[in-house]
$ cat data21.cif   # mmCIF, C-alpha atoms
data_input
#
loop_
_atom_site.label_atom_id
_atom_site.label_comp_id
_atom_site.auth_asym_id
_atom_site.auth_seq_id
_atom_site.Cartn_x
_atom_site.Cartn_y
_atom_site.Cartn_z
CA MET A 676 0.00 0.00 0.00
CA SER A 677 1.42 3.41 -1.02
CA ASP A 678 1.81 6.27 1.45
CA VAL A 679 -1.16 8.09 -0.09
CA GLU A 680 -3.32 4.96 0.08
CA SER A 681 -2.39 4.59 3.75
CA LEU A 682 -3.44 8.19 4.37
CA LYS A 683 -6.76 7.58 2.61
CA GLN A 684 -7.41 4.46 4.65
CA GLU A 685 -6.58 6.26 7.88
CA ALA A 686 -8.95 9.10 6.96
CA ARG A 687 -11.78 6.69 6.13
CA GLU A 688 -11.31 4.90 9.45
CA LYS A 689 -11.77 8.27 11.18
CA GLY A 690 -14.91 9.01 9.17
CA ILE A 691 -13.23 11.75 7.14
CA PRO A 692 -14.56 11.92 3.55
CA VAL A 693 -12.01 10.96 0.90
CA MET A 694 -12.60 11.48 -2.81
CA GLN A 695 -13.11 8.24 -4.72
CA ASP A 696 -10.13 6.99 -6.73
CA GLU A 697 -11.97 7.31 -10.06
CA GLY A 698 -12.68 10.96 -9.38
CA LEU A 699 -9.10 11.64 -8.33
CA SER A 700 -7.77 9.95 -11.47
CA PHE A 701 -10.16 12.01 -13.59
CA ILE A 702 -8.89 15.26 -12.10
CA CYS A 703 -5.24 14.23 -12.37
CA ASP A 704 -5.82 13.44 -16.05
CA TYR A 705 -7.48 16.85 -16.46
CA ILE A 706 -4.48 18.54 -14.84
CA ARG A 707 -2.13 16.82 -17.30
CA ALA A 708 -4.28 17.45 -20.37
CA HIS A 709 -4.82 21.15 -19.65
CA ASN A 710 -1.34 21.99 -18.38
CA VAL A 711 -2.69 23.12 -15.01
CA ARG A 712 -0.05 24.81 -12.90
CA THR A 713 -1.94 26.53 -10.08
CA ILE A 714 -4.73 24.88 -8.09
CA LEU A 715 -7.05 26.26 -5.42
CA GLU A 716 -8.77 23.60 -3.35
CA ILE A 717 -11.68 24.40 -1.04
CA GLY A 718 -11.76 21.56 1.48
CA SER A 719 -8.36 20.06 2.26
CA ALA A 720 -9.56 17.29 4.59
CA THR A 721 -6.26 15.57 5.50
CA GLY A 722 -4.42 16.60 2.32
CA CYS A 723 -4.75 13.36 0.32
CA SER A 724 -6.14 14.95 -2.84
CA ALA A 725 -3.68 17.86 -2.76
CA ILE A 726 -0.78 15.42 -2.46
CA GLN A 727 -2.02 13.48 -5.48
CA PHE A 728 -2.58 16.62 -7.55
CA ALA A 729 0.90 17.89 -6.70
CA SER A 730 2.40 14.55 -7.74
CA VAL A 731 1.27 15.08 -11.34
CA SER A 732 4.04 17.62 -11.99
CA GLU A 733 6.75 19.39 -10.03
CA ASP A 734 5.54 22.64 -11.63
CA ILE A 735 2.19 22.50 -9.83
CA ARG A 736 1.51 24.83 -6.91
CA ILE A 737 -1.54 24.43 -4.67
CA VAL A 738 -3.38 26.60 -2.16
CA THR A 739 -5.86 24.58 -0.11
CA VAL A 740 -8.32 25.73 2.58
CA GLU A 741 -9.63 23.71 5.53
CA LEU A 742 -12.09 24.84 8.20
CA ASP A 743 -11.70 21.98 10.70
CA GLU A 744 -8.63 22.57 12.90
CA GLU A 745 -7.81 18.90 13.47
CA ARG A 746 -8.01 18.10 9.76
CA PHE A 747 -5.98 21.22 8.96
CA GLU A 748 -3.20 20.12 11.31
CA GLN A 749 -3.24 16.60 9.87
CA ALA A 750 -3.12 17.99 6.32
CA VAL A 751 -0.12 20.16 7.18
CA LYS A 752 1.66 17.12 8.65
CA ASN A 753 0.80 14.80 5.75
CA ILE A 754 1.90 17.35 3.16
CA ALA A 755 5.15 17.98 5.04
CA ASP A 756 5.78 14.23 5.33
CA ALA A 757 5.29 13.98 1.56
CA GLY A 758 7.95 16.67 1.08
CA LEU A 759 5.48 19.05 -0.54
CA SER A 760 5.29 21.96 1.91
CA ASP A 761 7.09 24.22 -0.56
CA ARG A 762 4.44 23.58 -3.24
CA VAL A 763 1.24 23.01 -1.24
CA HIS A 764 0.16 25.79 1.13
CA VAL A 765 -2.62 24.97 3.60
CA ILE A 766 -4.80 27.75 5.01
CA HIS A 767 -6.89 27.25 8.15
CA GLY A 768 -10.13 29.18 7.99
CA ASP A 769 -13.71 29.49 6.81
CA ALA A 770 -13.54 29.78 3.02
CA LEU A 771 -16.62 32.02 3.03
CA LYS A 772 -15.05 34.62 5.32
CA ALA A 773 -13.52 37.74 3.77
CA GLU A 774 -10.29 37.34 5.72
CA THR A 775 -9.81 33.80 4.38
CA PHE A 776 -10.51 34.96 0.83
CA ALA A 777 -7.89 37.69 1.30
CA ARG A 778 -5.33 35.12 2.46
CA VAL A 779 -6.09 32.90 -0.52
CA GLU A 780 -5.77 35.85 -2.89
CA ALA A 781 -2.45 36.82 -1.31
CA GLU A 782 -1.10 33.27 -1.64
CA LEU A 783 -2.15 33.07 -5.30
CA THR A 784 -0.63 36.48 -5.99
CA GLU A 785 2.66 35.34 -4.48
CA LEU A 786 2.63 32.17 -6.58
CA ALA A 787 1.92 34.21 -9.72
CA SER A 788 4.65 36.68 -8.82
CA VAL A 789 7.26 33.95 -8.41
CA ALA A 790 6.20 32.25 -11.65
CA ASP A 791 6.23 35.50 -13.63
CA ALA A 792 9.60 36.56 -12.24
CA ALA A 793 11.08 33.17 -13.12
CA ALA A 794 9.71 33.43 -16.66
CA GLY A 795 10.75 37.08 -16.99
CA GLU A 796 7.29 37.90 -18.31
CA THR A 797 5.96 40.71 -16.11
CA PRO A 798 6.99 42.66 -13.04
CA ALA A 799 5.97 40.90 -9.84
CA SER A 800 3.81 43.86 -8.82
CA THR A 801 1.42 43.25 -11.72
CA SER A 802 1.01 39.50 -11.21
CA LYS A 803 -2.62 38.46 -10.88
CA ALA A 804 -4.06 36.11 -8.28
CA THR A 805 -5.61 33.35 -10.37
CA ALA A 806 -5.87 29.58 -10.33
CA ASP A 807 -5.96 27.34 -13.39
CA LEU A 808 -8.17 24.93 -11.47
CA ILE A 809 -10.50 25.52 -8.54
CA PHE A 810 -11.61 22.32 -6.82
CA LEU A 811 -14.71 22.41 -4.59
CA ASP A 812 -14.81 19.56 -2.08
CA ALA A 813 -16.06 21.16 1.14
CA ALA A 814 -19.54 21.67 2.62
CA LYS A 815 -21.94 20.62 -0.15
CA SER A 816 -24.67 22.93 1.15
CA GLN A 817 -22.41 25.92 0.43
CA TYR A 818 -21.33 25.04 -3.12
CA ILE A 819 -23.17 27.96 -4.73
CA ALA A 820 -21.60 30.38 -2.25
CA PHE A 821 -18.13 28.89 -2.83
CA PHE A 822 -18.58 29.05 -6.60
CA GLU A 823 -19.73 32.67 -6.62
CA MET A 824 -17.05 33.82 -4.20
CA TYR A 825 -14.06 32.16 -5.83
CA GLU A 826 -14.86 32.16 -9.55
CA LYS A 827 -13.33 35.64 -9.73
CA LEU A 828 -9.96 34.00 -8.95
CA LEU A 829 -10.24 31.61 -11.90
CA SER A 830 -7.84 32.13 -14.80
CA PRO A 831 -9.51 32.95 -18.16
CA HIS A 832 -9.23 29.40 -19.48
CA GLY A 833 -9.42 27.66 -16.12
CA ALA A 834 -12.03 25.29 -14.71
CA ILE A 835 -14.00 24.84 -11.52
CA ILE A 836 -14.43 21.17 -10.64
CA SER A 837 -17.01 20.21 -8.03
CA ASP A 838 -17.18 16.81 -6.33
CA ASN A 839 -19.91 14.66 -4.72
CA LEU A 840 -22.76 15.72 -6.98
CA LEU A 841 -24.23 12.21 -7.01
CA PHE A 842 -23.86 11.91 -3.23
CA HIS A 843 -23.74 8.11 -3.15
CA GLY A 844 -26.38 7.89 -5.85
CA MET A 845 -28.99 9.70 -3.77
CA THR A 846 -29.09 12.90 -5.83
CA ALA A 847 -30.25 10.99 -8.90
CA GLY A 848 -32.65 8.88 -6.86
CA TYR A 849 -30.69 5.63 -7.22
CA ARG A 850 -30.74 5.30 -3.45
CA LYS A 851 -33.46 6.47 -1.08
CA THR A 852 -33.13 8.15 2.28
CA TYR A 853 -35.62 9.20 4.92
CA ASN A 854 -33.14 11.15 7.04
CA TYR A 855 -34.33 14.75 7.24
CA ASN A 856 -30.85 16.31 7.29
CA THR A 857 -29.75 14.20 4.33
CA ILE A 858 -32.86 15.19 2.40
CA LYS A 859 -32.09 18.88 3.04
CA LEU A 860 -28.53 18.37 1.83
CA LEU A 861 -29.72 16.59 -1.31
CA ARG A 862 -31.97 19.55 -2.08
CA LYS A 863 -28.95 21.85 -1.77
CA ILE A 864 -26.89 19.68 -4.12
CA ARG A 865 -29.72 19.52 -6.65
CA GLY A 866 -30.05 23.28 -6.33
CA PHE A 867 -26.37 23.65 -7.14
CA ILE A 868 -26.72 21.42 -10.20
CA ILE A 869 -29.63 23.56 -11.42
CA TYR A 870 -27.56 26.68 -10.71
CA LEU A 871 -24.73 25.37 -12.89
CA MET A 872 -27.08 24.42 -15.70
CA ALA A 873 -28.66 27.88 -15.68
CA ASN A 874 -25.40 29.82 -15.28
CA LYS A 875 -24.95 31.99 -18.37
CA GLN A 876 -21.27 32.71 -17.70
CA PHE A 877 -20.11 29.10 -17.52
CA ASP A 878 -20.52 25.91 -19.52
CA THR A 879 -20.67 22.85 -17.30
CA ALA A 880 -20.12 19.19 -18.12
CA PHE A 881 -21.39 16.60 -15.65
CA HIS A 882 -19.64 13.26 -15.19
CA THR A 883 -20.80 10.19 -13.27
CA ILE A 884 -17.19 9.27 -12.46
CA GLY A 885 -16.57 8.53 -8.79
CA ASP A 886 -19.31 10.20 -6.75
CA GLY A 887 -20.17 12.59 -9.56
CA VAL A 888 -18.12 15.59 -10.67
CA SER A 889 -18.83 18.68 -12.72
CA VAL A 890 -16.37 20.70 -14.80
CA SER A 891 -17.30 24.35 -15.32
CA THR A 892 -15.43 26.59 -17.78
CA ARG A 893 -16.10 30.19 -18.77
CA ARG A 894 -18.08 30.72 -21.93
CA GLU A 895 -16.15 32.26 -24.80
#
$ encode --input "data21.cif" --output "structure tokens"
Amino acid sequence: MSDVESLKQEAREKGIPVMQDEGLSFICDYIRAHNVRTILEIGSATGCSAIQFASVSEDIRIVTVELDEERFEQAVKNIADAGLSDRVHVIHGDALKAETFARVEAELTELASVADAAAGETPASTSKATADLIFLDAAKSQYIAFFEMYEKLLSPHGAIISDNLLFHGMTAGYRKTYNYNTIKLLRKIRGFIIYLMANKQFDTAFHTIGDGVSVSTRRE
């Protein structure tokens, strides 16, 4: 069992959600195919997905946000143990708070500044805070809020990928539930799907891979 697989297993045993392997492979393939270099992840959990994304290429830089303090600390440790602390920066905070957004923007600006200076393209002071890929994998009930808050940090040809849209098959009605809280969450997820379909600024493709992912790109 690889180190990442061990981390996934440990997270599952603690009841911490881990993205399904098919979904992770899909995103890693997307990163390769679209030459993604900067990733913003909303929902670090224990850092498993960020570690896998960073392993695609040494050129990849990641900013990831986690609300839960225990998971944040575990993510920092796991990323450090993987030797990726220089390329994966973990922020502890509520992604919907202005101060957290400001920290994310500052981190992305710094990454852009370093990249631009290395390429000799533009002065560091004009570097823009953008991500080639924004990955939403946090509180499903807040997906619309996450999308609307962070899409302004998306690079012109970037994508926003959202996970767990099938929610174990329940969203599509493949599995039934009578739990009130789960039903409320399913309504939120369905509302997000409708929001994406009606969004006039983005085109969205839906995939049944893993637990269901969407890929949203700006309309030309």
$ closest_residue --input "data21.cif" --among "A:Ala755, A:Val679, A:Ala770, A:Ala820" --to "Lys863 (chain A)" --atoms "all atoms listed in the file"
A:Ala820
$ closest_residue --input "data21.cif" --among "A:Glu741, A:Glu780, A:Asp696, A:Asp704" --to "Gly887 (chain A)" --atoms "only C-alpha atoms"
A:Asp696
$ closest_residue --input "data21.cif" --among "A:Val738, A:Leu771, A:Val890, A:Ala720" --to "Leu783 (chain A)" --atoms "only C-alpha atoms"
A:Val738
$ resolve_selection --input "data21.cif" --expression "the PyMOL selection byres ((chain A and resi 683-690) around 10)" --output "short mmCIF file (atom, residue, chain, number, x, y, z; two decimals) with C-alpha atoms, in the frame of the given file"
data_model
loop_
_atom_site.label_atom_id
_atom_site.label_comp_id
_atom_site.auth_asym_id
_atom_site.auth_seq_id
_atom_site.Cartn_x
_atom_site.Cartn_y
_atom_site.Cartn_z
CA MET A 676 0.00 0.00 0.00
CA SER A 677 1.42 3.41 -1.02
CA ASP A 678 1.81 6.27 1.45
CA VAL A 679 -1.16 8.09 -0.09
CA GLU A 680 -3.32 4.96 0.08
CA SER A 681 -2.39 4.59 3.75
CA LEU A 682 -3.44 8.19 4.37
CA ILE A 691 -13.23 11.75 7.14
CA PRO A 692 -14.56 11.92 3.55
CA VAL A 693 -12.01 10.96 0.90
CA MET A 694 -12.60 11.48 -2.81
CA GLN A 695 -13.11 8.24 -4.72
CA ASP A 696 -10.13 6.99 -6.73
CA ALA A 720 -9.56 17.29 4.59
CA THR A 721 -6.26 15.57 5.50
CA GLY A 722 -4.42 16.60 2.32
CA CYS A 723 -4.75 13.36 0.32
CA SER A 724 -6.14 14.95 -2.84
CA ARG A 746 -8.01 18.10 9.76
CA GLN A 749 -3.24 16.60 9.87
#
$ resolve_selection --input "data21.cif" --expression "the PyMOL selection byres ((chain A and resi 882) around 12)" --output "PyMOL selection string"
chain A and resi 697-698+701-702+836-841+868+879-881+883-891
$ resolve_selection --input "data21.cif" --expression "the PyMOL selection byres ((chain A and resi 736) around 9)" --output "short mmCIF file (atom, residue, chain, number, x, y, z; two decimals) with C-alpha atoms, in the frame of the given file"
data_model
loop_
_atom_site.label_atom_id
_atom_site.label_comp_id
_atom_site.auth_asym_id
_atom_site.auth_seq_id
_atom_site.Cartn_x
_atom_site.Cartn_y
_atom_site.Cartn_z
CA ARG A 712 -0.05 24.81 -12.90
CA THR A 713 -1.94 26.53 -10.08
CA ILE A 714 -4.73 24.88 -8.09
CA LEU A 715 -7.05 26.26 -5.42
CA ALA A 729 0.90 17.89 -6.70
CA GLU A 733 6.75 19.39 -10.03
CA ASP A 734 5.54 22.64 -11.63
CA ILE A 735 2.19 22.50 -9.83
CA ILE A 737 -1.54 24.43 -4.67
CA VAL A 738 -3.38 26.60 -2.16
CA ASP A 761 7.09 24.22 -0.56
CA ARG A 762 4.44 23.58 -3.24
CA VAL A 763 1.24 23.01 -1.24
CA HIS A 764 0.16 25.79 1.13
CA LEU A 786 2.63 32.17 -6.58
#
$ atom_distance --input "data21.cif" --atom1 "CA of Ser732 (chain A)" --atom2 "CA of Phe776 (chain A)"
26.0 Å
$ atom_distance --input "data21.cif" --atom1 "CA of Gly718 (chain A)" --atom2 "CA of Thr739 (chain A)"
6.8 Å
$ closest_residue --input "data21.cif" --among "A:Tyr705, A:Phe747, A:Phe867, A:Tyr818" --to "Gly833 (chain A)" --atoms "only C-alpha atoms"
A:Tyr705
